[in-house]
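Peer 1: mmCIF, C-alpha atoms, file data.cif:
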```
data_input
#
loop_
_atom_site.label_atom_id
_atom_site.label_comp_id
_atom_site.auth_asym_id
_atom_site.auth_seq_id
_atom_site.Cartn_x
_atom_site.Cartn_y
_atom_site.Cartn_z
CA MET A 1 -17.67 -12.75 6.14
CA ASN A 2 -19.86 -10.34 4.17
CA ALA A 3 -19.38 -9.98 0.43
CA PRO A 4 -17.52 -6.93 -0.93
CA MET A 5 -19.59 -4.02 -2.23
CA LEU A 6 -18.67 -1.50 -4.93
CA LEU A 7 -17.12 1.74 -3.69
CA ALA A 8 -18.87 3.67 -6.48
CA PRO A 9 -21.17 2.75 -9.38
CA PRO A 10 -19.00 1.64 -12.31
CA THR A 11 -18.82 3.98 -15.30
CA PRO A 12 -19.53 2.67 -18.82
CA GLY A 13 -15.78 2.82 -19.46
CA GLN A 14 -15.06 0.71 -16.38
CA ARG A 15 -17.65 -1.87 -17.44
CA ASP A 16 -16.09 -2.15 -20.90
CA ALA A 17 -12.58 -2.42 -19.45
CA LEU A 18 -13.73 -5.02 -16.92
CA ARG A 19 -15.39 -7.06 -19.66
CA THR A 20 -12.17 -7.04 -21.71
CA THR A 21 -10.10 -7.89 -18.61
CA LEU A 22 -12.27 -10.86 -17.63
CA LEU A 23 -12.35 -12.28 -21.15
CA ALA A 24 -8.55 -12.07 -21.35
CA ALA A 25 -8.08 -13.49 -17.83
CA GLY A 26 -9.81 -16.72 -18.88
CA ARG A 27 -6.73 -17.72 -20.87
CA LEU A 28 -4.78 -18.20 -17.61
CA PRO A 29 -5.38 -21.63 -16.01
CA LEU A 30 -5.71 -20.11 -12.52
CA TYR A 31 -8.65 -17.95 -13.54
CA ALA A 32 -10.11 -20.52 -15.94
CA GLU A 33 -10.46 -22.87 -12.95
CA ALA A 34 -11.96 -20.09 -10.78
CA PHE A 35 -14.47 -19.20 -13.52
CA ALA A 36 -15.52 -22.85 -13.85
CA ARG A 37 -16.04 -23.24 -10.10
CA ALA A 38 -18.10 -20.02 -9.92
CA GLY A 39 -20.15 -20.83 -13.04
CA VAL A 40 -18.84 -17.73 -14.85
CA THR A 41 -19.11 -18.21 -18.62
CA GLU A 42 -18.16 -16.02 -21.56
CA ARG A 43 -21.84 -15.26 -22.03
CA CYS A 44 -22.12 -14.08 -18.41
CA ILE A 45 -19.08 -11.85 -18.80
CA ARG A 46 -20.36 -10.23 -22.00
CA ALA A 47 -23.84 -9.64 -20.58
CA ASP A 48 -22.90 -8.44 -17.08
CA PRO A 49 -19.17 -8.10 -16.36
CA VAL A 50 -19.74 -6.62 -12.88
CA GLY A 51 -22.04 -9.50 -11.91
CA ALA A 52 -19.51 -12.00 -13.27
CA LEU A 53 -16.74 -10.42 -11.20
CA GLN A 54 -18.83 -10.47 -8.03
CA ALA A 55 -19.52 -14.18 -8.53
CA LEU A 56 -15.80 -14.83 -8.06
CA PRO A 57 -14.17 -15.27 -4.64
CA VAL A 58 -11.73 -12.74 -3.26
CA PHE A 59 -8.23 -13.44 -4.58
CA ALA A 60 -6.22 -15.80 -2.36
CA ALA A 61 -2.77 -14.47 -1.43
CA GLU A 62 -1.17 -17.90 -1.89
CA ALA A 63 -2.22 -17.85 -5.57
CA GLN A 64 -0.01 -14.84 -6.36
CA SER A 65 3.08 -16.89 -7.20
CA ARG A 66 1.15 -19.21 -9.53
CA LEU A 67 -0.50 -16.28 -11.33
CA ALA A 68 2.88 -14.63 -11.89
CA GLN A 69 4.33 -17.86 -13.28
CA GLU A 70 1.43 -18.34 -15.70
CA SER A 71 1.56 -14.70 -16.79
CA LEU A 72 5.30 -14.92 -17.36
CA ALA A 73 4.83 -17.97 -19.60
CA GLU A 74 2.17 -16.09 -21.60
CA ARG A 75 4.36 -13.00 -22.03
CA SER A 76 7.69 -14.49 -23.02
CA HIS A 77 7.38 -12.87 -26.46
CA ASP A 78 6.59 -9.31 -25.30
CA LEU A 79 7.85 -9.07 -21.74
CA GLY A 80 8.05 -5.44 -20.75
CA GLY A 81 9.31 -5.83 -17.20
CA LEU A 82 9.16 -7.72 -13.92
CA GLU A 83 8.56 -5.94 -10.62
CA ILE A 84 9.37 -7.70 -7.34
CA SER A 85 8.20 -6.48 -3.96
CA SER A 86 10.68 -6.16 -1.09
CA GLY A 87 9.16 -9.08 0.80
CA THR A 88 9.56 -7.35 4.14
CA GLY A 89 5.85 -7.80 4.79
CA GLY A 90 6.00 -11.51 3.84
CA ALA A 91 7.04 -13.46 0.76
CA SER A 92 8.18 -11.38 -2.20
CA LYS A 93 5.51 -10.91 -4.89
CA ARG A 94 6.08 -10.58 -8.62
CA ARG A 95 4.22 -8.44 -11.11
CA VAL A 96 4.68 -9.36 -14.77
CA LEU A 97 4.33 -6.51 -17.26
CA SER A 98 3.92 -6.68 -21.01
CA GLU A 99 5.01 -3.85 -23.29
CA GLU A 100 1.40 -2.64 -23.27
CA ASP A 101 1.39 -2.67 -19.47
CA VAL A 102 4.37 -0.30 -19.37
CA ALA A 103 2.40 2.15 -21.50
CA LEU A 104 -0.68 1.74 -19.27
CA ASP A 105 1.43 2.45 -16.19
CA GLY A 106 2.82 5.57 -17.84
CA ALA A 107 -0.66 6.83 -18.71
CA LEU A 108 -1.88 6.17 -15.17
CA LEU A 109 1.05 8.00 -13.58
CA ALA A 110 0.55 10.96 -15.94
CA ARG A 111 -3.00 11.32 -14.61
CA LEU A 112 -1.86 10.98 -10.99
CA PHE A 113 0.95 13.50 -11.44
CA ARG A 114 -1.45 15.97 -13.02
CA VAL A 115 -3.76 15.69 -10.00
CA ALA A 116 -0.75 15.99 -7.68
CA GLY A 117 0.22 19.31 -9.29
CA VAL A 118 3.12 18.44 -11.61
CA GLU A 119 3.33 20.87 -14.54
CA PRO A 120 5.01 20.61 -17.97
CA GLY A 121 7.61 23.23 -17.03
CA ASP A 122 8.83 21.33 -13.94
CA ARG A 123 12.21 19.65 -13.57
CA VAL A 124 11.40 16.25 -12.01
CA VAL A 125 13.88 13.95 -10.28
CA ALA A 126 12.82 10.47 -9.10
CA VAL A 127 15.20 9.26 -6.39
CA GLU A 128 15.51 5.67 -5.17
CA LEU A 129 18.17 3.42 -3.68
CA ALA A 130 18.48 1.96 -7.17
CA VAL A 131 16.91 2.89 -10.48
CA THR A 132 13.94 0.51 -10.62
CA PRO A 133 11.19 -0.19 -13.20
CA LEU A 134 8.96 2.00 -11.02
CA ALA A 135 11.34 4.94 -11.37
CA ALA A 136 11.34 4.41 -15.14
CA ALA A 137 7.54 4.43 -15.07
CA PHE A 138 7.67 7.76 -13.24
CA LEU A 139 9.69 9.21 -16.11
CA GLU A 140 7.25 7.78 -18.67
CA GLY A 141 4.40 9.44 -16.78
CA CYS A 142 6.23 12.77 -16.74
CA GLU A 143 6.92 12.57 -20.46
CA ARG A 144 3.25 11.90 -21.20
CA LEU A 145 2.38 14.93 -19.09
CA GLY A 146 4.65 17.11 -21.24
CA VAL A 147 7.55 17.38 -18.78
CA ARG A 148 10.71 17.64 -20.89
CA ASP A 149 13.24 17.45 -18.05
CA SER A 150 12.95 14.35 -15.85
CA VAL A 151 15.67 12.11 -14.41
CA ALA A 152 15.83 8.93 -12.30
CA LEU A 153 18.73 8.89 -9.84
CA ALA A 154 20.11 6.19 -7.53
CA TRP A 155 21.06 7.79 -4.19
CA ARG A 156 21.86 6.39 -0.77
CA PRO A 157 21.78 8.17 2.59
CA GLY A 158 25.20 9.60 3.31
CA SER A 159 26.13 9.84 -0.37
CA ASP A 160 27.38 13.07 -1.92
CA PRO A 161 24.30 15.29 -2.43
CA GLN A 162 25.96 17.40 -5.13
CA PRO A 163 24.73 15.31 -8.12
CA LEU A 164 21.21 15.75 -6.82
CA ARG A 165 21.70 19.47 -6.26
CA ARG A 166 23.10 19.96 -9.77
CA LEU A 167 19.90 18.53 -11.22
CA ALA A 168 18.03 21.40 -9.47
CA PRO A 169 14.63 19.68 -9.33
CA SER A 170 11.43 21.61 -8.76
CA VAL A 171 9.59 18.31 -8.13
CA LEU A 172 11.18 15.51 -6.12
CA ILE A 173 9.77 11.96 -6.09
CA ALA A 174 11.21 9.71 -3.38
CA PRO A 175 10.28 7.12 -0.73
CA PRO A 176 9.87 8.40 2.85
CA SER A 177 13.04 6.66 4.07
CA LEU A 178 15.14 8.83 1.72
CA LEU A 179 13.19 12.05 2.28
CA GLU A 180 13.86 11.71 6.00
CA GLN A 181 17.62 11.63 5.26
CA MET A 182 17.68 14.70 3.01
CA GLN A 183 18.53 17.46 5.45
CA PRO A 184 18.35 20.26 4.64
CA PRO A 185 16.00 19.89 1.63
CA LEU A 186 17.17 20.86 -1.82
CA PRO A 187 16.76 24.52 -2.79
CA GLY A 188 14.17 25.22 -5.47
CA VAL A 189 11.96 22.22 -4.72
CA ARG A 190 8.30 23.27 -4.68
CA LEU A 191 6.64 19.83 -4.59
CA VAL A 192 7.55 16.48 -3.00
CA ILE A 193 5.73 13.30 -4.02
CA TYR A 194 6.41 10.22 -1.94
CA ASN A 195 5.50 6.59 -2.49
CA GLY A 196 5.64 3.61 -0.19
CA ASP A 197 4.94 3.98 3.52
CA HIS A 198 3.67 7.01 5.39
CA LEU A 199 5.93 10.02 5.69
CA ALA A 200 6.73 10.86 9.32
CA GLU A 201 4.67 13.82 10.56
CA PRO A 202 7.72 15.89 11.63
CA VAL A 203 9.21 15.57 8.12
CA ALA A 204 5.93 16.50 6.41
CA ARG A 205 5.52 19.45 8.77
CA ARG A 206 9.09 20.65 8.13
CA LEU A 207 8.54 20.53 4.37
CA GLY A 208 5.24 22.40 4.71
CA GLU A 209 6.84 25.11 6.83
CA GLN A 210 9.33 25.69 4.01
CA GLY A 211 6.54 26.18 1.50
CA ILE A 212 7.00 22.77 -0.15
CA GLY A 213 3.84 20.94 -1.18
CA VAL A 214 3.62 17.29 -0.10
CA ARG A 215 1.61 14.65 -1.96
CA SER A 216 1.59 10.85 -1.71
CA LEU A 217 0.98 8.17 -4.28
CA TYR A 218 -1.03 5.21 -3.03
CA GLY A 219 -0.65 1.71 -4.38
CA LEU A 220 1.01 -1.68 -4.04
CA THR A 221 3.88 -3.20 -6.00
CA GLU A 222 1.56 -5.90 -7.32
CA THR A 223 -1.21 -3.46 -8.38
CA SER A 224 0.80 -0.44 -9.58
CA ALA A 225 -0.34 2.99 -8.38
CA LEU A 226 -3.98 3.27 -7.40
CA GLY A 227 -4.47 6.87 -6.31
CA VAL A 228 -3.05 10.15 -5.07
CA SER A 229 -3.57 12.17 -1.91
CA CYS A 230 -5.98 15.12 -1.96
CA VAL A 231 -4.58 18.48 -0.87
CA ALA A 232 -7.97 20.17 -0.50
CA GLU A 233 -9.79 17.88 1.92
CA GLY A 234 -7.40 15.02 2.72
CA GLY A 235 -7.83 11.36 1.93
CA ILE A 236 -6.88 9.62 -1.30
CA HIS A 237 -8.48 9.95 -4.73
CA LEU A 238 -8.58 6.55 -6.47
CA ALA A 239 -8.06 6.57 -10.24
CA PRO A 240 -11.11 4.75 -11.68
CA ARG A 241 -9.88 4.09 -15.22
CA HIS A 242 -7.28 1.50 -14.23
CA ALA A 243 -9.00 -0.34 -11.37
CA LEU A 244 -12.42 -1.21 -9.98
CA HIS A 245 -12.70 -0.71 -6.22
CA GLU A 246 -14.76 -2.66 -3.70
CA LEU A 247 -15.11 -2.52 0.08
CA ARG A 248 -15.15 -5.73 2.11
CA PRO A 249 -16.61 -5.61 5.64
CA VAL A 250 -14.12 -7.04 8.11
CA GLU A 251 -13.97 -7.10 11.88
CA ALA A 252 -11.93 -3.88 12.02
CA GLY A 253 -14.07 -1.95 9.50
CA LEU A 254 -13.75 -2.00 5.70
CA GLU A 255 -10.94 -3.44 3.58
CA LEU A 256 -10.19 -2.10 0.11
CA ILE A 257 -10.46 -4.76 -2.64
CA VAL A 258 -9.19 -3.88 -6.13
CA THR A 259 -9.51 -5.37 -9.60
CA THR A 260 -6.86 -4.07 -11.99
CA LEU A 261 -8.21 -3.31 -15.47
CA GLY A 262 -6.49 -3.90 -18.80
CA PHE A 263 -3.20 -5.33 -17.56
CA SER A 264 -1.79 -8.61 -18.86
CA MET A 265 -1.51 -9.97 -15.30
CA PRO A 266 -4.91 -8.92 -13.94
CA LEU A 267 -5.67 -9.15 -10.24
CA LEU A 268 -9.35 -9.98 -9.78
CA ARG A 269 -10.78 -8.89 -6.41
CA TYR A 270 -7.35 -8.50 -4.81
CA PRO A 271 -7.39 -7.76 -1.04
CA THR A 272 -5.06 -4.87 -0.20
CA ALA A 273 -5.11 -5.46 3.61
CA ASP A 274 -5.69 -1.69 3.90
CA ARG A 275 -8.42 -0.54 6.28
CA VAL A 276 -10.29 2.38 4.70
CA ARG A 277 -13.29 4.66 5.10
CA PRO A 278 -15.18 5.97 2.05
CA LEU A 279 -15.49 9.75 1.88
CA PRO A 280 -18.74 10.60 0.05
CA GLY A 281 -19.60 13.80 -1.78
CA ARG A 282 -17.77 15.93 -4.31
CA CYS A 283 -14.38 17.19 -3.18
CA ARG A 284 -13.44 20.88 -3.20
CA CYS A 285 -10.48 20.07 -5.43
CA ARG A 286 -13.03 19.22 -8.18
CA VAL A 287 -11.45 15.85 -8.88
CA ALA A 288 -14.41 13.56 -9.55
CA TRP A 289 -12.60 10.34 -8.59
CA PRO A 290 -13.91 8.43 -5.54
CA ARG A 291 -12.11 9.31 -2.31
CA ILE A 292 -11.19 7.21 0.72
CA ASP A 293 -9.46 7.76 4.03
CA LEU A 294 -6.64 5.29 4.63
CA LEU A 295 -6.92 4.21 8.27
CA GLY A 296 -4.08 1.69 8.46
CA ARG A 297 -3.17 -1.91 7.77
CA LEU A 298 -5.27 -4.85 8.92
CA GLY A 299 -3.28 -6.48 11.66
CA ALA A 300 -2.84 -10.22 12.02
CA ARG A 301 -4.61 -11.88 14.92
CA PHE A 302 -2.68 -13.88 17.49
CA ALA A 303 -3.20 -15.45 20.89
CA VAL A 304 -1.28 -15.30 24.17
CA PHE A 305 -2.32 -18.08 26.55
CA GLU A 306 -5.65 -18.42 24.74
CA VAL A 307 -6.32 -14.66 24.96
CA GLU A 308 -6.89 -13.60 21.34
CA THR A 309 -6.11 -10.10 20.13
CA SER A 310 -4.66 -8.38 17.04
CA VAL A 311 -2.28 -5.63 16.05
CA ASP A 312 -5.29 -3.38 15.38
CA ASP A 313 -6.68 -4.12 18.86
CA LEU A 314 -3.34 -3.07 20.37
CA ARG A 315 -3.30 0.09 18.26
CA THR A 316 -6.67 1.02 19.75
CA THR A 317 -5.47 0.23 23.27
CA LEU A 318 -2.38 2.43 22.81
CA ASP A 319 -4.43 5.22 21.20
CA LEU A 320 -2.21 5.46 18.11
CA THR A 321 -3.07 7.70 15.17
CA PRO A 322 -3.56 6.12 11.69
CA HIS A 323 -0.09 7.25 10.61
CA GLU A 324 1.78 5.91 13.67
CA LEU A 325 3.07 2.46 12.80
CA LEU A 326 3.12 -0.38 15.32
CA GLN A 327 5.07 -3.62 15.04
CA VAL A 328 4.40 -6.43 17.53
CA GLU A 329 7.16 -8.97 18.27
CA LEU A 330 6.43 -12.09 20.31
CA THR A 331 9.14 -14.29 21.87
CA ASP A 332 9.33 -16.95 24.56
CA SER A 333 10.64 -15.82 27.95
CA ALA A 334 12.96 -17.94 30.10
CA ASP A 335 10.31 -18.53 32.79
CA GLY A 336 7.81 -20.08 30.37
CA GLY A 337 5.84 -16.93 29.66
CA VAL A 338 5.67 -14.70 26.62
CA ARG A 339 7.54 -11.48 25.95
CA MET A 340 5.73 -8.92 23.80
CA SER A 341 7.82 -6.07 22.35
CA LEU A 342 5.84 -3.15 20.94
CA HIS A 343 8.01 -1.26 18.45
CA LEU A 344 6.78 2.35 18.22
CA PRO A 345 7.86 5.54 16.41
CA ALA A 346 10.33 7.66 18.38
CA ALA A 347 7.86 10.57 18.27
CA THR A 348 5.52 8.65 20.62
CA ARG A 349 7.99 8.43 23.54
CA GLY A 350 6.31 11.31 25.37
CA ARG A 351 3.10 9.25 25.56
CA TRP A 352 4.62 5.97 26.73
CA SER A 353 3.53 6.45 30.36
CA ALA A 354 -0.07 6.93 29.23
CA MET A 355 0.25 3.91 26.93
CA ARG A 356 1.47 1.72 29.81
CA ALA A 357 -1.50 2.84 31.89
CA ARG A 358 -3.93 2.01 29.08
CA ARG A 359 -2.29 -1.41 28.67
CA ARG A 360 -2.66 -2.13 32.42
CA ASP A 361 -6.35 -1.23 32.20
CA HIS A 362 -6.96 -3.74 29.40
CA PRO A 363 -9.18 -6.42 31.00
CA LEU A 364 -7.33 -9.42 29.49
CA LEU A 365 -3.78 -8.28 28.73
CA GLY A 366 -3.67 -6.49 32.08
CA TYR A 367 -4.45 -9.78 33.82
CA LEU A 368 -1.69 -11.63 31.94
CA VAL A 369 0.82 -8.93 32.88
CA ALA A 370 -0.31 -8.92 36.54
CA THR A 371 0.11 -12.70 36.75
CA ARG A 372 3.54 -12.47 35.06
CA LEU A 373 2.49 -14.70 32.20
CA LEU A 374 3.16 -11.80 29.81
CA GLN A 375 5.91 -9.20 29.77
CA VAL A 376 5.26 -6.11 27.65
CA ARG A 377 8.07 -3.79 26.59
CA LEU A 378 7.87 -0.58 24.58
CA ARG A 379 10.71 -0.13 22.13
CA THR A 380 11.70 2.58 19.65
CA GLN A 381 11.56 1.49 16.02
CA LYS A 382 14.93 1.33 14.30
CA GLN A 383 15.49 3.58 11.28
CA ALA A 384 16.12 0.52 9.12
CA ASP A 385 12.57 -0.60 9.87
CA ALA A 386 11.03 2.58 8.50
CA ARG A 387 9.64 1.01 5.33
CA LYS A 388 7.17 -1.85 4.75
CA ARG A 389 7.67 -3.72 8.01
CA ALA A 390 5.71 -6.83 8.93
CA LEU A 391 3.09 -5.88 11.52
CA LEU A 392 3.48 -9.11 13.49
CA LEU A 393 6.68 -11.05 14.17
CA ASP A 394 5.78 -14.22 16.06
CA ARG A 395 9.09 -15.83 17.04
CA ARG A 396 7.66 -18.18 19.67
CA LEU A 397 8.65 -21.82 19.44
CA ALA A 398 5.23 -23.05 20.65
CA ARG A 399 3.09 -21.64 17.85
CA GLY A 400 0.34 -24.24 18.00
CA ARG A 401 -1.92 -21.75 19.72
CA PRO A 402 -4.17 -19.64 17.41
CA ASN A 403 -1.58 -17.10 16.29
CA ALA A 404 -2.58 -16.93 12.64
CA GLY A 405 -3.99 -13.87 10.95
#
```
In structure tokens, write the structure found in this file.
Peer 2:
Amino acid sequence: MNAPMLLAPPTPGQRDALRTTLLAAGRLPLYAEAFARAGVTERCIRADPVGALQALPVFAAEAQSRLAQESLAERSHDLGGLEISSGTGGASKRRVLSEEDVALDGALLARLFRVAGVEPGDRVVAVELAVTPLAAAFLEGCERLGVRDSVALAWRPGSDPQPLRRLAPSVLIAPPSLLEQMQPPLPGVRLVIYNGDHLAEPVARRLGEQGIGVRSLYGLTETSALGVSCVAEGGIHLAPRHALHELRPVEAGLELIVTTLGFSMPLLRYPTADRVRPLPGRCRCRVAWPRIDLLGRLGARFAVFEVETSVDDLRTTLDLTPHELLQVELTDSADGGVRMSLHLPAATRGRWSAMRARRRDHPLLGYLVATRLLQVRLRTQKQADARKRALLLDRRLARGRPNAG
């Protein structure tokens, strides 16, 4: 696999922040061992921090738990918070924050909110199923931006909307799963900012038709926010002050690799599993940050009777757009074959006949279906699956074949 390459030349500020991050990371045994294996010394880091970083391997996902444990032991005296991912895309991941990290998160979100269009005179409400550390960070970002009226509110679909209406927000921050349940939208809202998964196109279109601006925050639980969507030309502007961005060539295109800067639990060359395309040139919105187009998640590879494919391959076969999510479920059938269930958004039902035709024309999968070794079913995704679903659910008992991603 080819080595990652920088998305944009690092600024002097990024180089300084990277140098500080690498020197501090050496205190953690996980990174101390990685530095020793790669021949990265303190002298190397001080002389050329970018070169030192690129001498390190891409972060291994299985090391996440160990890094969190070591960071937690280091920060017992000034622990600022602990964020835990939902785990719906795999094992839950922890992010350890010091008191300084909380301030860094607030400063980052203030910059992202400013780019998104939040103004000091806005009334901001951050809505979640429960008030989380992330919601608190949203309020910190608003306060740094000069917003005097911001509230975090726990709200569940079907709950009384009156408390939310009484807050009369002009800016609403919420995950897509809750925005899809808020019908009709609250009066007076001029801007919606969502985080998490993609917002369904019908919901975004409905908000736009009502004159409500829609922006998205991009990031992962383990990395904090990384960027914000661009209203002028599309794509996502990545905030350069808090992370260094690289692109790793993979079979399906380019994967975004990030190194978080300045945080007490740094992630060095962390693979996001997001397939992206760099968008060169200066944007009409005049934001100078580098910009990417988010094309989708990198799907795990699997095999059916020695025929190897991947979730991304199936997305191409079905002609799905980047924002149409696909989940593949594999189970054993009673006759010794394999049953493949393709869980698709309800909005795609009108194209299912064309999708079945494209699947039949696939040279390998079509053969397996014709010989009854493989049964393929199209299914509508359940509402409960709307957020962070695993792309591949391999429930077959005989998993000795090459199913791994």
Peer 1: Quote the spacing between CA of Val311 (chain A) and CA of Arg396 (chain A) in Å to one decimal place.
Peer 2: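 Interatomic distance here is 16.4 Å.
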Peer 1: Enter the distance from CA of Glu83 (chain A) to CA of Leu238 (chain A), in Å, rounded to one decimal.
Peer 2: 21.6 Å
Peer 1: Nearest residue to Leu220 (chain A) out of A:Leu22, A:Ala200, A:Arg94, A:Val250, using all atoms listed in the file?
Peer 2: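 Of A:Leu22, A:Ala200, A:Arg94, A:Val250, the one nearest Leu220 (chain A), counting all atoms listed in the file, is A:Arg94.
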Peer 1: Kindly provide, as AutoDock Vina command-line options, the centre and edge lengths (Å, one decimal) of an axis-aligned box around all atoms of region 334-338 of chain A given in the file, with 5 Å on each side.
Peer 2:
```
--center_x 9.3 --center_y -17.4 --center_z 29.7 --size_x 17.3 --size_y 15.4 --size_z 16.2
```
Peer 1: List as a ChimeraX atom specification the protein and nucleic acid residues near Leu139 (chain A), meaning an atom at most 8 Å away when only C-alpha atoms are counted, but skip any in the same chain fewer than 2 places from it.
Peer 2: /A:106,126,135-137,141-143,150-152
Peer 1: Mind pulling up the distance from CA of Arg43 (chain A) to CA of Leu18 (chain A)?
Peer 2: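 Separation between CA of Leu18 (chain A) and CA of Arg43 (chain A): 14.0 Å.
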Peer 1: Could you pull out every residue with an atom within 10 Å of (-15.1, -16.2, -2.2), file coordinates, counting all atoms listed in the file, and send them as a PyMOL selection string?
Peer 2: chain A and resi 1-4+34+38+54-60+269
Peer 1: If you apply the PyMOL selection byres ((chain A and resi 100) around 9) to this file, what residues do you get, as a PyMOL selection string?
Peer 2: chain A and resi 78+80+97-99+101-105+263-264
Peer 1: Looking at all atoms listed in the file, which of A:Ala239, A:Leu374, A:Val125, A:Ala225 is the one that sits closest to Ala174 (chain A)?
Peer 2: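 When distances to Ala174 (chain A) are compared using all atoms listed in the file, the smallest one comes from A:Val125.
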Peer 1: Please work out which residues fall within 10 Å of (2.9, -9.9, -14.7), coordinates as given in the file, with only C-alpha atoms counting, and return them as a ChimeraX atom specification.
Peer 2: /A:67-75,79-83,94-98,101,222-223,263-267
Peer 1: Name the residues captured by the PyMOL selection byres ((chain A and resi 233) around 9) when it is applied to the shown file; answer as a ChimeraX atom specification.
Peer 2: /A:230-232,234-235,283-285
Peer 1: So, with only C-alpha atoms as the atoms that count, which of A:Gly296, A:His242, A:Pro161, A:Ala25 lies closest to Val276 (chain A)?
Peer 2: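 Ranked by minimum distance to Val276 (chain A), first place goes to A:Gly296.
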Peer 1: Would you kindly translate the PyMOL selection byres ((chain A and resi 320) around 12) into the concrete residues it picks from this file, as a list in words?
Peer 2: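 Selected by the PyMOL selection byres ((chain A and resi 320) around 12) here: Leu295, Gly296, Val311, Asp312, Asp313, Leu314, Arg315, Thr316, Thr317, Leu318, Asp319, Thr321, Pro322, His323, Glu324, Leu325, Leu326, Leu344, Pro345, Ala347, Thr348, Arg349, Arg351, Trp352, Ala354, Met355 and Arg358 of chain A.
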Peer 1: Measuring between all atoms listed in the file, which one of A:Ser341, A:Thr380, A:Gln327, A:Ser229 shows the shortest distance to Arg114 (chain A)?
Peer 2: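 Smallest separation from Arg114 (chain A) among the options: A:Ser229.
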Peer 1: So that I can check the surroundings of Ala116 (chain A), please list as a PyMOL selection string every protein, DNA and RNA residue that reaches within 10 Å of it, counting only C-alpha atoms and ignoring chain neighbours fewer than 6 positions away.
Peer 2: chain A and resi 110+191-193+213-217+227-231
Peer 1: Once you have the residues from the selection above, write them out as a compact mmCIF listing (two decimals), keeping the file's coordinate frame, restricted to C-alpha atoms.
Peer 2:
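Printed below is out_23.txt as written:
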```txt
# COMPACT_ATOMS: atom_id res chain seq x y z
CA ALA A 110 0.55 10.96 -15.94
CA LEU A 191 6.64 19.83 -4.59
CA VAL A 192 7.55 16.48 -3.00
CA ILE A 193 5.73 13.30 -4.02
CA GLY A 213 3.84 20.94 -1.18
CA VAL A 214 3.62 17.29 -0.10
CA ARG A 215 1.61 14.65 -1.96
CA SER A 216 1.59 10.85 -1.71
CA LEU A 217 0.98 8.17 -4.28
CA GLY A 227 -4.47 6.87 -6.31
CA VAL A 228 -3.05 10.15 -5.07
CA SER A 229 -3.57 12.17 -1.91
CA CYS A 230 -5.98 15.12 -1.96
CA VAL A 231 -4.58 18.48 -0.87
```
Peer 1: Which residue, A:Gln210, A:Leu186, A:Leu268, A:Leu129, has the smallest gap to Ala52 (chain A) when you use all atoms listed in the file?
Peer 2: A:Leu268
Peer 1: Residues within 10 Å of Gln14 (chain A), please, as number ranges by chain. Count only C-alpha atoms; anything in the same chain fewer than 4 positions from it doesn't count.
Peer 2: A: 9-10, 18-20, 49-50, 240-244, 261
Peer 1: For Arg144 (chain A), which residue among A:Arg111, A:Arg206, A:His77, A:Arg165 is the nearest when counting all atoms listed in the file?
Peer 2: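 For Arg144 (chain A), the nearest of the given residues is A:Arg111.
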Peer 1: For region 335-337 of chain A, find every residue with an atom within 12 Å (counting all atoms listed in the file), except residues of its own chain fewer than 2 positions away, and show them as a PDB file with C-alpha atoms, in the frame of the given file.
Peer 2:
```
ATOM      1  CA  VAL A 304      -1.280 -15.300  24.170  1.00  0.00           C
ATOM      2  CA  PHE A 305      -2.320 -18.080  26.550  1.00  0.00           C
ATOM      3  CA  LEU A 330       6.430 -12.090  20.310  1.00  0.00           C
ATOM      4  CA  THR A 331       9.140 -14.290  21.870  1.00  0.00           C
ATOM      5  CA  ASP A 332       9.330 -16.950  24.560  1.00  0.00           C
ATOM      6  CA  SER A 333      10.640 -15.820  27.950  1.00  0.00           C
ATOM      7  CA  ARG A 339       7.540 -11.480  25.950  1.00  0.00           C
ATOM      8  CA  MET A 340       5.730  -8.920  23.800  1.00  0.00           C
ATOM      9  CA  LEU A 368      -1.690 -11.630  31.940  1.00  0.00           C
ATOM     10  CA  VAL A 369       0.820  -8.930  32.880  1.00  0.00           C
ATOM     11  CA  THR A 371       0.110 -12.700  36.750  1.00  0.00           C
ATOM     12  CA  ARG A 372       3.540 -12.470  35.060  1.00  0.00           C
ATOM     13  CA  LEU A 373       2.490 -14.700  32.200  1.00  0.00           C
ATOM     14  CA  LEU A 374       3.160 -11.800  29.810  1.00  0.00           C
ATOM     15  CA  GLN A 375       5.910  -9.200  29.770  1.00  0.00           C
ATOM     16  CA  VAL A 376       5.260  -6.110  27.650  1.00  0.00           C
ATOM     17  CA  ARG A 396       7.660 -18.180  19.670  1.00  0.00           C
ATOM     18  CA  LEU A 397       8.650 -21.820  19.440  1.00  0.00           C
ATOM     19  CA  ALA A 398       5.230 -23.050  20.650  1.00  0.00           C
TER      20      ALA A 398
END
```
